[in-house]
file work_22.cif (mmCIF, C-alpha atoms and all ligand atoms)
data_model
#
loop_
_atom_site.label_atom_id
_atom_site.label_comp_id
_atom_site.auth_asym_id
_atom_site.auth_seq_id
_atom_site.Cartn_x
_atom_site.Cartn_y
_atom_site.Cartn_z
CA MET A 1 25.38 -41.70 3.33
CA MET A 2 23.43 -39.08 5.22
CA ALA A 3 22.60 -35.94 3.30
CA GLU A 4 24.00 -32.84 4.90
CA ILE A 5 21.92 -29.89 5.87
CA GLN A 6 23.32 -26.74 4.34
CA LEU A 7 22.50 -23.09 4.82
CA ILE A 8 21.77 -21.45 1.48
CA GLU A 9 21.78 -17.69 1.17
CA ILE A 10 18.84 -16.26 -0.75
CA LYS A 11 18.51 -12.52 -0.14
CA GLU A 12 15.39 -11.87 -2.17
CA GLU A 13 12.61 -9.41 -1.67
CA ILE A 14 9.43 -11.36 -0.81
CA LEU A 15 7.15 -9.46 -3.15
CA SER A 16 9.83 -9.01 -5.81
CA ASP A 17 7.59 -10.36 -8.59
CA ASN A 18 4.99 -7.75 -7.81
CA LYS A 19 7.64 -5.00 -7.56
CA LYS A 20 8.92 -5.93 -11.03
CA GLU A 21 5.42 -5.98 -12.45
CA ALA A 22 4.76 -2.56 -10.88
CA GLU A 23 7.92 -1.12 -12.43
CA ASN A 24 6.92 -2.52 -15.84
CA LEU A 25 3.54 -0.90 -15.48
CA ARG A 26 5.09 2.47 -14.59
CA LYS A 27 7.25 2.25 -17.72
CA LEU A 28 4.18 1.55 -19.82
CA LEU A 29 2.34 4.49 -18.26
CA LYS A 30 5.26 6.81 -18.96
CA ASP A 31 5.25 5.58 -22.52
CA ARG A 32 1.52 6.09 -23.03
CA LYS A 33 1.52 9.34 -21.05
CA THR A 34 -1.15 8.15 -18.65
CA PHE A 35 -1.02 9.07 -14.96
CA LEU A 36 -2.23 6.38 -12.57
CA LEU A 37 -3.54 7.31 -9.13
CA ASN A 38 -4.14 4.67 -6.48
CA LEU A 39 -6.86 5.75 -4.05
CA MET A 40 -7.16 3.81 -0.80
CA SER A 41 -9.27 4.02 2.37
CA SER A 42 -11.49 2.07 4.74
CA PRO A 43 -14.92 1.16 3.37
CA GLY A 44 -17.23 4.17 3.41
CA ALA A 45 -14.56 6.85 3.89
CA GLY A 46 -15.70 8.51 0.66
CA LYS A 47 -13.66 7.18 -2.28
CA THR A 48 -16.47 6.88 -4.81
CA THR A 49 -17.98 10.23 -3.86
CA LEU A 50 -14.60 11.95 -4.12
CA ILE A 51 -13.87 10.34 -7.49
CA LEU A 52 -17.18 11.69 -8.82
CA LYS A 53 -16.33 15.19 -7.49
CA THR A 54 -12.86 15.00 -8.99
CA ILE A 55 -14.27 14.03 -12.38
CA GLU A 56 -16.66 16.99 -12.17
CA ARG A 57 -13.71 19.37 -11.61
CA LEU A 58 -11.23 17.92 -14.06
CA LYS A 59 -13.13 16.26 -16.88
CA ASP A 60 -12.85 19.27 -19.18
CA ARG A 61 -9.10 19.46 -18.71
CA LEU A 62 -8.07 15.82 -18.42
CA ARG A 63 -9.30 12.65 -20.10
CA ILE A 64 -10.12 10.43 -17.14
CA GLY A 65 -10.82 6.73 -16.62
CA VAL A 66 -11.67 4.81 -13.46
CA LEU A 67 -10.61 1.34 -12.39
CA GLU A 68 -13.00 0.01 -9.76
CA ALA A 69 -12.03 -2.71 -7.32
CA ASP A 70 -14.75 -2.53 -4.74
CA ILE A 71 -15.29 -6.14 -3.71
CA ASP A 72 -17.55 -7.92 -6.17
CA SER A 73 -19.93 -5.07 -6.75
CA VAL A 74 -20.60 -3.24 -9.98
CA VAL A 75 -22.45 -0.42 -8.27
CA ASP A 76 -19.48 1.93 -8.06
CA ALA A 77 -18.42 1.38 -11.67
CA GLU A 78 -21.99 2.10 -12.75
CA LYS A 79 -22.02 5.38 -10.81
CA VAL A 80 -18.88 6.46 -12.59
CA ALA A 81 -20.02 5.29 -16.02
CA LYS A 82 -23.18 7.34 -15.55
CA VAL A 83 -21.20 10.57 -15.60
CA GLY A 84 -19.75 9.60 -18.97
CA ILE A 85 -16.34 8.40 -17.89
CA PRO A 86 -14.94 5.04 -18.98
CA ALA A 87 -14.99 2.72 -15.98
CA VAL A 88 -13.71 -0.82 -15.65
CA GLN A 89 -14.65 -3.17 -12.83
CA ILE A 90 -11.88 -5.45 -11.62
CA ARG A 91 -13.18 -8.66 -10.15
CA THR A 92 -11.04 -9.18 -7.07
CA GLY A 93 -12.92 -12.36 -6.14
CA GLY A 94 -12.86 -11.41 -2.48
CA PHE A 95 -9.17 -10.49 -2.56
CA CYS A 96 -8.21 -7.94 0.09
CA HIS A 97 -6.06 -5.81 -2.20
CA LEU A 98 -5.00 -5.19 -5.79
CA ASP A 99 -1.57 -6.12 -7.04
CA ALA A 100 0.24 -4.80 -10.08
CA SER A 101 -0.73 -7.65 -12.39
CA MET A 102 -4.41 -7.28 -11.55
CA VAL A 103 -4.16 -3.57 -12.34
CA MET A 104 -2.29 -4.33 -15.56
CA ARG A 105 -5.10 -6.68 -16.66
CA GLY A 106 -7.72 -4.10 -15.68
CA LEU A 107 -5.98 -1.42 -17.74
CA ASP A 108 -6.08 -3.69 -20.78
CA ALA A 109 -9.72 -2.76 -21.17
CA PHE A 110 -8.82 0.92 -21.71
CA ASP A 111 -7.19 2.61 -24.64
CA LEU A 112 -4.46 4.17 -22.52
CA SER A 113 -3.13 6.51 -25.15
CA SER A 114 -6.49 8.28 -25.16
CA LEU A 115 -6.46 8.84 -21.37
CA ASP A 116 -4.46 11.31 -19.26
CA LEU A 117 -5.48 10.02 -15.86
CA VAL A 118 -6.73 6.71 -14.50
CA ILE A 119 -7.94 6.58 -10.91
CA ILE A 120 -7.95 3.23 -9.10
CA GLU A 121 -10.56 2.85 -6.40
CA ASN A 122 -8.73 0.21 -4.38
CA VAL A 123 -10.39 -2.33 -2.10
CA GLY A 124 -11.71 -0.67 1.07
CA ASN A 125 -9.09 -1.72 3.60
CA LEU A 126 -6.17 0.04 5.31
CA VAL A 127 -3.95 -3.00 5.79
CA CYS A 128 -3.41 -5.07 2.69
CA PRO A 129 -3.36 -2.46 -0.09
CA ALA A 130 -0.46 -0.75 1.75
CA GLU A 131 1.70 -3.81 1.21
CA PHE A 132 1.24 -4.17 -2.57
CA ASP A 133 2.66 -1.75 -5.10
CA THR A 134 -0.06 -1.36 -7.76
CA GLY A 135 2.23 0.33 -10.25
CA ALA A 136 0.54 3.68 -9.63
CA ILE A 137 2.45 6.94 -10.05
CA ARG A 138 1.02 8.35 -6.81
CA ASN A 139 -0.72 6.85 -3.79
CA ALA A 140 -3.54 8.71 -2.10
CA MET A 141 -5.54 7.75 0.94
CA ILE A 142 -8.71 9.05 2.51
CA LEU A 143 -9.18 9.10 6.25
CA SER A 144 -12.66 10.25 7.23
CA VAL A 145 -13.27 12.16 10.44
CA PRO A 146 -15.68 9.55 11.92
CA GLU A 147 -12.87 6.97 11.81
CA GLY A 148 -10.89 8.91 14.42
CA ASP A 149 -7.51 10.61 14.65
CA ASP A 150 -5.73 7.53 16.01
CA LYS A 151 -5.72 5.57 12.73
CA PRO A 152 -2.00 6.27 12.03
CA LEU A 153 -1.18 4.39 15.24
CA LYS A 154 -3.08 1.35 14.02
CA TYR A 155 -2.17 1.41 10.34
CA PRO A 156 1.28 3.00 10.20
CA LEU A 157 2.32 1.34 6.93
CA MET A 158 -0.60 2.81 4.98
CA PHE A 159 0.26 6.32 6.15
CA SER A 160 3.91 5.83 5.32
CA VAL A 161 3.36 4.74 1.68
CA CYS A 162 1.03 7.58 0.64
CA ASP A 163 1.96 10.79 -1.15
CA VAL A 164 -1.19 12.59 -0.13
CA LEU A 165 -3.72 12.19 2.66
CA LEU A 166 -7.25 13.51 2.35
CA VAL A 167 -8.91 14.08 5.70
CA ASN A 168 -12.49 13.76 4.50
CA LYS A 169 -15.92 14.46 6.00
CA VAL A 170 -14.56 17.50 7.83
CA ASP A 171 -18.20 18.64 7.96
CA TYR A 172 -18.39 16.22 10.93
CA LEU A 173 -15.59 17.95 12.87
CA ASP A 174 -17.92 20.02 15.07
CA MET A 175 -19.72 16.88 16.13
CA SER A 176 -16.65 14.93 17.12
CA ASP A 177 -13.58 15.11 19.33
CA PHE A 178 -11.31 14.49 16.35
CA ASP A 179 -7.98 16.21 17.09
CA MET A 180 -6.65 17.53 13.77
CA GLN A 181 -3.36 18.73 15.32
CA ALA A 182 -2.68 15.31 16.79
CA LEU A 183 -3.46 13.67 13.46
CA TYR A 184 -1.00 15.90 11.57
CA ALA A 185 1.72 15.15 14.16
CA ARG A 186 1.15 11.41 13.97
CA VAL A 187 1.07 11.31 10.18
CA ARG A 188 4.13 13.54 9.75
CA THR A 189 6.15 11.42 12.17
CA LEU A 190 5.68 8.46 9.83
CA ASN A 191 5.84 10.44 6.62
CA PRO A 192 7.28 13.97 6.75
CA LYS A 193 6.84 14.54 2.98
CA ILE A 194 3.14 13.72 2.75
CA SER A 195 0.66 16.40 1.61
CA ILE A 196 -2.43 16.69 3.78
CA ILE A 197 -5.67 18.18 2.45
CA GLU A 198 -8.85 18.60 4.49
CA THR A 199 -11.94 17.87 2.41
CA SER A 200 -15.67 17.46 2.49
CA SER A 201 -17.52 16.06 -0.49
CA LYS A 202 -20.66 17.35 1.16
CA THR A 203 -19.76 21.05 1.54
CA GLY A 204 -17.15 21.07 -1.21
CA GLN A 205 -14.41 22.25 1.15
CA GLY A 206 -10.93 21.33 -0.06
CA ILE A 207 -12.12 19.81 -3.32
CA ASP A 208 -10.45 22.63 -5.28
CA ALA A 209 -7.20 22.18 -3.38
CA TRP A 210 -7.33 18.43 -4.02
CA SER A 211 -8.11 18.83 -7.74
CA GLU A 212 -5.26 21.33 -8.06
CA TRP A 213 -2.87 18.95 -6.31
CA LEU A 214 -3.86 16.15 -8.66
CA GLU A 215 -3.67 18.24 -11.82
CA ARG A 216 -0.25 19.52 -10.78
CA GLU A 217 1.02 15.97 -10.30
CA VAL A 218 -0.37 14.87 -13.66
CA LYS A 219 1.23 17.85 -15.45
CA ALA A 220 4.55 17.23 -13.70
CA PHE A 221 4.43 13.61 -14.87
CA PHE A 222 3.85 14.69 -18.47
CA ALA A 223 6.60 17.32 -18.36
CA MET B 1 -5.34 -10.82 5.96
CA HIS B 2 -3.01 -10.85 2.98
CA GLU B 3 -0.85 -13.68 4.29
CA LEU B 4 -1.89 -15.91 1.41
CA PRO B 5 -0.31 -14.02 -1.52
CA VAL B 6 2.73 -13.18 0.60
CA ILE B 7 3.27 -16.83 1.53
CA GLN B 8 2.70 -17.90 -2.07
CA SER B 9 5.41 -15.47 -3.10
CA ILE B 10 7.79 -16.87 -0.45
CA LEU B 11 7.07 -20.42 -1.57
CA ASN B 12 7.70 -19.59 -5.24
CA ILE B 13 11.08 -18.09 -4.41
CA ILE B 14 12.03 -21.04 -2.19
CA VAL B 15 11.04 -23.62 -4.80
CA LYS B 16 13.10 -21.76 -7.41
CA HIS B 17 16.19 -21.71 -5.18
CA ALA B 18 15.67 -25.33 -4.14
CA SER B 19 15.81 -26.44 -7.75
CA MET B 20 18.80 -24.16 -8.50
CA HIS B 21 20.72 -25.79 -5.64
CA ARG B 22 19.33 -29.25 -6.35
CA VAL B 23 18.18 -29.83 -2.76
CA LYS B 24 15.55 -32.40 -1.89
CA LYS B 25 14.14 -31.02 1.30
CA VAL B 26 13.90 -27.57 2.83
CA HIS B 27 14.01 -27.62 6.64
CA SER B 28 13.63 -23.97 7.50
CA ILE B 29 13.38 -20.55 5.91
CA GLY B 30 14.86 -17.36 7.35
CA LEU B 31 12.77 -14.25 6.81
CA SER B 32 13.22 -10.69 7.90
CA VAL B 33 10.01 -8.73 8.24
CA GLY B 34 9.51 -5.14 9.41
CA THR B 35 7.24 -4.62 12.40
CA LEU B 36 5.19 -2.12 10.39
CA SER B 37 3.84 -4.98 8.32
CA ASP B 38 0.70 -6.53 9.61
CA LEU B 39 1.72 -10.17 9.23
CA GLU B 40 1.15 -12.61 12.05
CA GLU B 41 3.69 -15.30 12.70
CA GLU B 42 1.19 -17.99 13.62
CA TRP B 43 -0.92 -17.44 10.52
CA MET B 44 2.10 -17.26 8.26
CA GLN B 45 3.20 -20.70 9.40
CA LYS B 46 -0.32 -22.11 9.00
CA TYR B 47 -0.68 -20.74 5.48
CA PHE B 48 2.80 -21.96 4.65
CA ASP B 49 2.03 -25.49 5.85
CA HIS B 50 -1.10 -25.45 3.74
CA LEU B 51 0.46 -24.09 0.53
CA SER B 52 3.72 -26.03 0.74
CA ALA B 53 2.07 -29.45 1.11
CA GLY B 54 3.54 -31.78 -1.49
CA SER B 55 6.37 -29.40 -2.40
CA VAL B 56 10.08 -29.54 -1.61
CA ALA B 57 9.39 -27.16 1.28
CA GLU B 58 6.67 -29.22 2.94
CA GLY B 59 7.09 -29.14 6.71
CA ALA B 60 9.67 -26.32 6.65
CA ARG B 61 9.72 -23.98 9.61
CA LEU B 62 9.62 -20.21 9.16
CA ARG B 63 12.27 -18.40 11.21
CA ILE B 64 11.11 -14.81 11.37
CA GLU B 65 13.37 -11.98 12.41
CA TRP B 66 11.22 -8.93 13.20
CA VAL B 67 12.96 -5.70 12.23
CA PRO B 68 11.96 -2.77 14.44
CA ALA B 69 10.65 0.48 13.00
CA VAL B 70 13.52 2.96 13.31
CA LEU B 71 13.33 6.69 12.71
CA SER B 72 16.22 8.90 11.72
CA CYS B 73 16.24 12.55 12.77
CA GLU B 74 16.42 14.80 9.70
CA GLU B 75 18.24 17.40 11.81
CA CYS B 76 21.04 15.52 13.54
CA GLY B 77 20.90 12.03 12.05
CA ASN B 78 20.25 10.35 15.39
CA ARG B 79 18.44 7.00 15.04
CA PHE B 80 15.91 5.61 17.48
CA GLU B 81 13.13 3.05 17.61
CA LEU B 82 9.54 4.14 16.97
CA ASP B 83 7.15 3.37 19.78
CA LYS B 84 3.83 2.96 18.00
CA THR B 85 1.86 3.41 21.20
CA ARG B 86 3.43 6.80 21.98
CA MET B 87 3.47 8.52 18.63
CA ASP B 88 2.14 11.88 19.71
CA GLY B 89 4.85 14.18 20.93
CA ILE B 90 7.78 12.35 19.37
CA THR B 91 10.92 14.44 19.48
CA CYS B 92 14.47 13.41 18.74
CA PRO B 93 16.02 12.16 22.01
CA ALA B 94 19.30 13.79 20.97
CA CYS B 95 18.33 17.24 19.68
CA GLY B 96 14.61 17.66 20.40
CA LYS B 97 13.63 18.30 16.76
CA LYS B 98 10.52 16.75 15.20
CA LYS B 99 11.33 15.78 11.62
CA PHE B 100 12.13 12.19 10.83
CA SER B 101 12.44 9.67 8.07
CA LEU B 102 11.77 5.98 8.37
CA VAL B 103 14.96 3.90 8.04
CA SER B 104 13.57 0.46 8.78
CA GLY B 105 10.36 -1.33 9.63
CA ARG B 106 9.13 -2.06 6.10
CA GLU B 107 11.47 -5.01 5.40
CA TYR B 108 10.17 -7.96 3.46
CA HIS B 109 13.08 -10.27 2.68
CA ILE B 110 13.94 -13.92 2.44
CA LYS B 111 17.42 -14.28 3.90
CA ASP B 112 18.28 -17.95 3.61
CA MET B 113 17.08 -21.52 3.86
CA GLU B 114 18.34 -24.68 5.53
CA ALA B 115 18.08 -27.58 3.13
CA GLU B 116 19.55 -30.93 2.25
N1 LIG A 301 -21.05 14.05 5.53
C1 LIG A 301 -20.28 13.58 4.56
N2 LIG A 301 -20.59 12.40 3.97
C2 LIG A 301 -19.78 11.94 2.99
C3 LIG A 301 -18.63 12.65 2.57
N3 LIG A 301 -18.04 11.92 1.59
C4 LIG A 301 -18.77 10.80 1.41
N4 LIG A 301 -19.84 10.82 2.25
C5 LIG A 301 -20.87 9.77 2.39
O1 LIG A 301 -20.27 8.60 2.95
C6 LIG A 301 -20.86 7.42 2.39
C7 LIG A 301 -19.80 6.52 1.79
O2 LIG A 301 -19.19 7.18 0.71
P1 LIG A 301 -18.53 6.41 -0.52
O3 LIG A 301 -18.00 7.44 -1.46
O4 LIG A 301 -19.46 5.40 -1.06
O5 LIG A 301 -17.34 5.67 0.24
P2 LIG A 301 -16.34 4.52 -0.32
O6 LIG A 301 -16.81 3.24 0.27
O7 LIG A 301 -14.99 4.90 0.24
O8 LIG A 301 -16.38 4.56 -1.80
C8 LIG A 301 -21.89 7.89 1.38
O9 LIG A 301 -23.14 7.90 1.98
C9 LIG A 301 -21.45 9.32 1.07
O10 LIG A 301 -22.51 10.14 0.67
C10 LIG A 301 -18.34 13.89 3.22
O11 LIG A 301 -17.35 14.57 2.93
N5 LIG A 301 -19.19 14.30 4.20
MG MG A 302 -16.76 3.01 -3.22
ZN ZN A 303 17.97 15.00 16.22
#

call {"tool": "encode", "arguments": {"input": "work_22.cif", "output": "structure tokens", "more": "lines below"}}
Ligand SMILES: Nc1nc2c(ncn2[C@@H]2O[C@H](COP(=O)(O)OP(=O)(O)O)[C@@H](O)[C@H]2O)c(=O)[nH]1
Ligand SMILES: [Mg+2]
Ligand SMILES: [Zn+2]
result
Amino acid sequence: MMAEIQLIEIKEEILSDNKKEAENLRKLLKDRKTFLLNLMSSPGAGKTTLILKTIERLKDRLRIGVLEADIDSVVDAEKVAKVGIPAVQIRTGGFCHLDASMVMRGLDAFDLSSLDLVIIENVGNLVCPAEFDTGAIRNAMILSVPEGDDKPLKYPLMFSVCDVLLVNKVDYLDMSDFDMQALYARVRTLNPKISIIETSSKTGQGIDAWSEWLEREVKAFFA
Amino acid sequence: MHELPVIQSILNIIVKHASMHRVKKVHSIGLSVGTLSDLEEEWMQKYFDHLSAGSVAEGARLRIEWVPAVLSCEECGNRFELDKTRMDGITCPACGKKKFSLVSGREYHIKDMEAE
């Protein structure tokens, strides 16, 4: 007898395992009262520098930890550890993104109940991290001026999953034809609710506004 | 770039359903994927062929339905497709307003499989 080919309905989310893991992580964070921020950008946009500035502003008011995922390098974690903040390096083994279970394992190295805020420096890449929920409470991305104002056209998913966009290296604006108005329009088309903050880690512009945004979100999470 | 973990996830789900339904061979898999995702059909199939070797889904074909990115006007509710190449002065074709939410384009589902 010939076996018959049948059509079997499945209806499952492809990354459902990761989604579940991310939800579990968010429950744990709520429980331990630890806010998790996922920071994403292209390589060199200014993640590490911004994290160091943020620590400077907030370390007296929040107990901060950093989860580093820069591809197979301990340099960034060392920079952070130098300023007296607990930092854990996640070995991504050349992976292009972090998923929730990798973050969960990374957080194991911290005593979460003694931390208010953990910042993830995600792998430098605008494609893959957008696809994987890390379990973070908020997603932030940095776009630096030298990368150009047309990035939302090329990486729409990244811009649509973020809660806040930092337009960094604005000290380069005078030297470029970056069109800030066009950028805002493109980003808001994809994501009308996103907050946009213009920053420069060099001049310090916008760092206060960014730190205030972050502290507000952390406090709201604790409330 | 991240086809590998995505395909691994698809394969895990397929293998689970194959054993639930006691099928011996999966012929094809129906997926629906939003156009905002960066997956490439050709690479997905290549990775799938590689990962599924020796499993119940070896040789299965991926049938991918690409779901367009659709915006909904926050003002009047009109829905229209996002043209990624002309994202600058987007206004609602019905009322001319400029506030939207994304209704589709981020799909990532397995719909069904053909198996025996
Ligand atoms: N001019 C300027 N340079 C910056 C700014 N932020 C970061 N940089 C520089 O850009 C380079 C990459 O920054 P880094 O924080 O390592 O980027 P990451 O790869 O995203 O972590 C470093 O040389 C920084 O000093 C900025 O706002 N303005
Ligand atoms: Mg870095
Ligand atoms: Zn309208």

call {"tool": "closest_residue", "arguments": {"input": "work_22.cif", "among": "B:Phe48, B:Glu3, B:Ile10, B:Ala57", "to": "chain A", "atoms": "all atoms listed in the file"}}
result
B:Ile10

call {"tool": "interface_residues", "arguments": {"input": "work_22.cif", "of": "chain B", "to": "chain A", "cutoff": "8 Å", "atoms": "all atoms listed in the file", "output": "CSV table (one decimal) with C-alpha atoms, keeping the file's coordinate frame"}}
result
chain,number,residue,atom,x,y,z
B,1,MET,CA,-5.3,-10.8,6.0
B,2,HIS,CA,-3.0,-10.8,3.0
B,6,VAL,CA,2.7,-13.2,0.6
B,9,SER,CA,5.4,-15.5,-3.1
B,10,ILE,CA,7.8,-16.9,-0.4
B,13,ILE,CA,11.1,-18.1,-4.4
B,17,HIS,CA,16.2,-21.7,-5.2
B,36,LEU,CA,5.2,-2.1,10.4
B,37,SER,CA,3.8,-5.0,8.3
B,38,ASP,CA,0.7,-6.5,9.6
B,84,LYS,CA,3.8,3.0,18.0
B,85,THR,CA,1.9,3.4,21.2
B,87,MET,CA,3.5,8.5,18.6
B,88,ASP,CA,2.1,11.9,19.7
B,89,GLY,CA,4.8,14.2,20.9
B,90,ILE,CA,7.8,12.4,19.4
B,98,LYS,CA,10.5,16.8,15.2
B,99,LYS,CA,11.3,15.8,11.6
B,100,PHE,CA,12.1,12.2,10.8
B,101,SER,CA,12.4,9.7,8.1
B,102,LEU,CA,11.8,6.0,8.4
B,106,ARG,CA,9.1,-2.1,6.1
B,108,TYR,CA,10.2,-8.0,3.5
B,109,HIS,CA,13.1,-10.3,2.7
B,110,ILE,CA,13.9,-13.9,2.4
B,111,LYS,CA,17.4,-14.3,3.9
B,112,ASP,CA,18.3,-18.0,3.6
B,113,MET,CA,17.1,-21.5,3.9
B,114,GLU,CA,18.3,-24.7,5.5
B,115,ALA,CA,18.1,-27.6,3.1
B,116,GLU,CA,19.6,-30.9,2.2

call {"tool": "residues_near_ligand", "arguments": {"input": "work_22.cif", "ligand": "ligand ZN 303 (chain A)", "cutoff": "8 Å", "atoms": "all atoms listed in the file", "output": "short mmCIF file (atom, residue, chain, number, x, y, z; two decimals) with C-alpha atoms, in the frame of the given file"}}
result
data_model
loop_
_atom_site.label_atom_id
_atom_site.label_comp_id
_atom_site.auth_asym_id
_atom_site.auth_seq_id
_atom_site.Cartn_x
_atom_site.Cartn_y
_atom_site.Cartn_z
CA SER B 72 16.22 8.90 11.72
CA CYS B 73 16.24 12.55 12.77
CA GLU B 74 16.42 14.80 9.70
CA GLU B 75 18.24 17.40 11.81
CA CYS B 76 21.04 15.52 13.54
CA GLY B 77 20.90 12.03 12.05
CA ASN B 78 20.25 10.35 15.39
CA THR B 91 10.92 14.44 19.48
CA CYS B 92 14.47 13.41 18.74
CA PRO B 93 16.02 12.16 22.01
CA ALA B 94 19.30 13.79 20.97
CA CYS B 95 18.33 17.24 19.68
CA GLY B 96 14.61 17.66 20.40
CA LYS B 97 13.63 18.30 16.76
CA LYS B 98 10.52 16.75 15.20
#

call {"tool": "residues_near_ligand", "arguments": {"input": "work_22.cif", "ligand": "ligand MG 302 (chain A)", "cutoff": "8 Å", "atoms": "all atoms listed in the file", "output": "JSON, numbers by chain"}}
result
{"A": [43, 44, 46, 47, 48, 49, 70, 76, 121, 124]}

call {"tool": "closest_residue", "arguments": {"input": "work_22.cif", "among": "B:Val26, B:Leu39, B:Ile7, B:Leu82", "to": "B:Arg61", "atoms": "all atoms listed in the file"}}
result
B:Val26

call {"tool": "residues_around", "arguments": {"input": "work_22.cif", "residues": "A:Ile196", "least_positions_apart": "4", "cutoff": "10 Å", "atoms": "only C-alpha atoms", "output": "compact mmCIF listing (two decimals) with C-alpha atoms, in the coordinates of the input"}}
result
# COMPACT_ATOMS: atom_id res chain seq x y z
CA ALA A 140 -3.54 8.71 -2.10
CA MET A 141 -5.54 7.75 0.94
CA ILE A 142 -8.71 9.05 2.51
CA ASP A 163 1.96 10.79 -1.15
CA VAL A 164 -1.19 12.59 -0.13
CA LEU A 165 -3.72 12.19 2.66
CA LEU A 166 -7.25 13.51 2.35
CA VAL A 167 -8.91 14.08 5.70
CA TYR A 184 -1.00 15.90 11.57
CA VAL A 187 1.07 11.31 10.18
CA ARG A 188 4.13 13.54 9.75
CA TRP A 210 -7.33 18.43 -4.02

call {"tool": "residues_near_ligand", "arguments": {"input": "work_22.cif", "ligand": "ligand LIG 301 (chain A)", "cutoff": "10 Å", "atoms": "all atoms listed in the file", "output": "PyMOL selection string"}}
result
chain A and resi 39-53+68+70+75-76+121-125+141-146+167-173+198-207
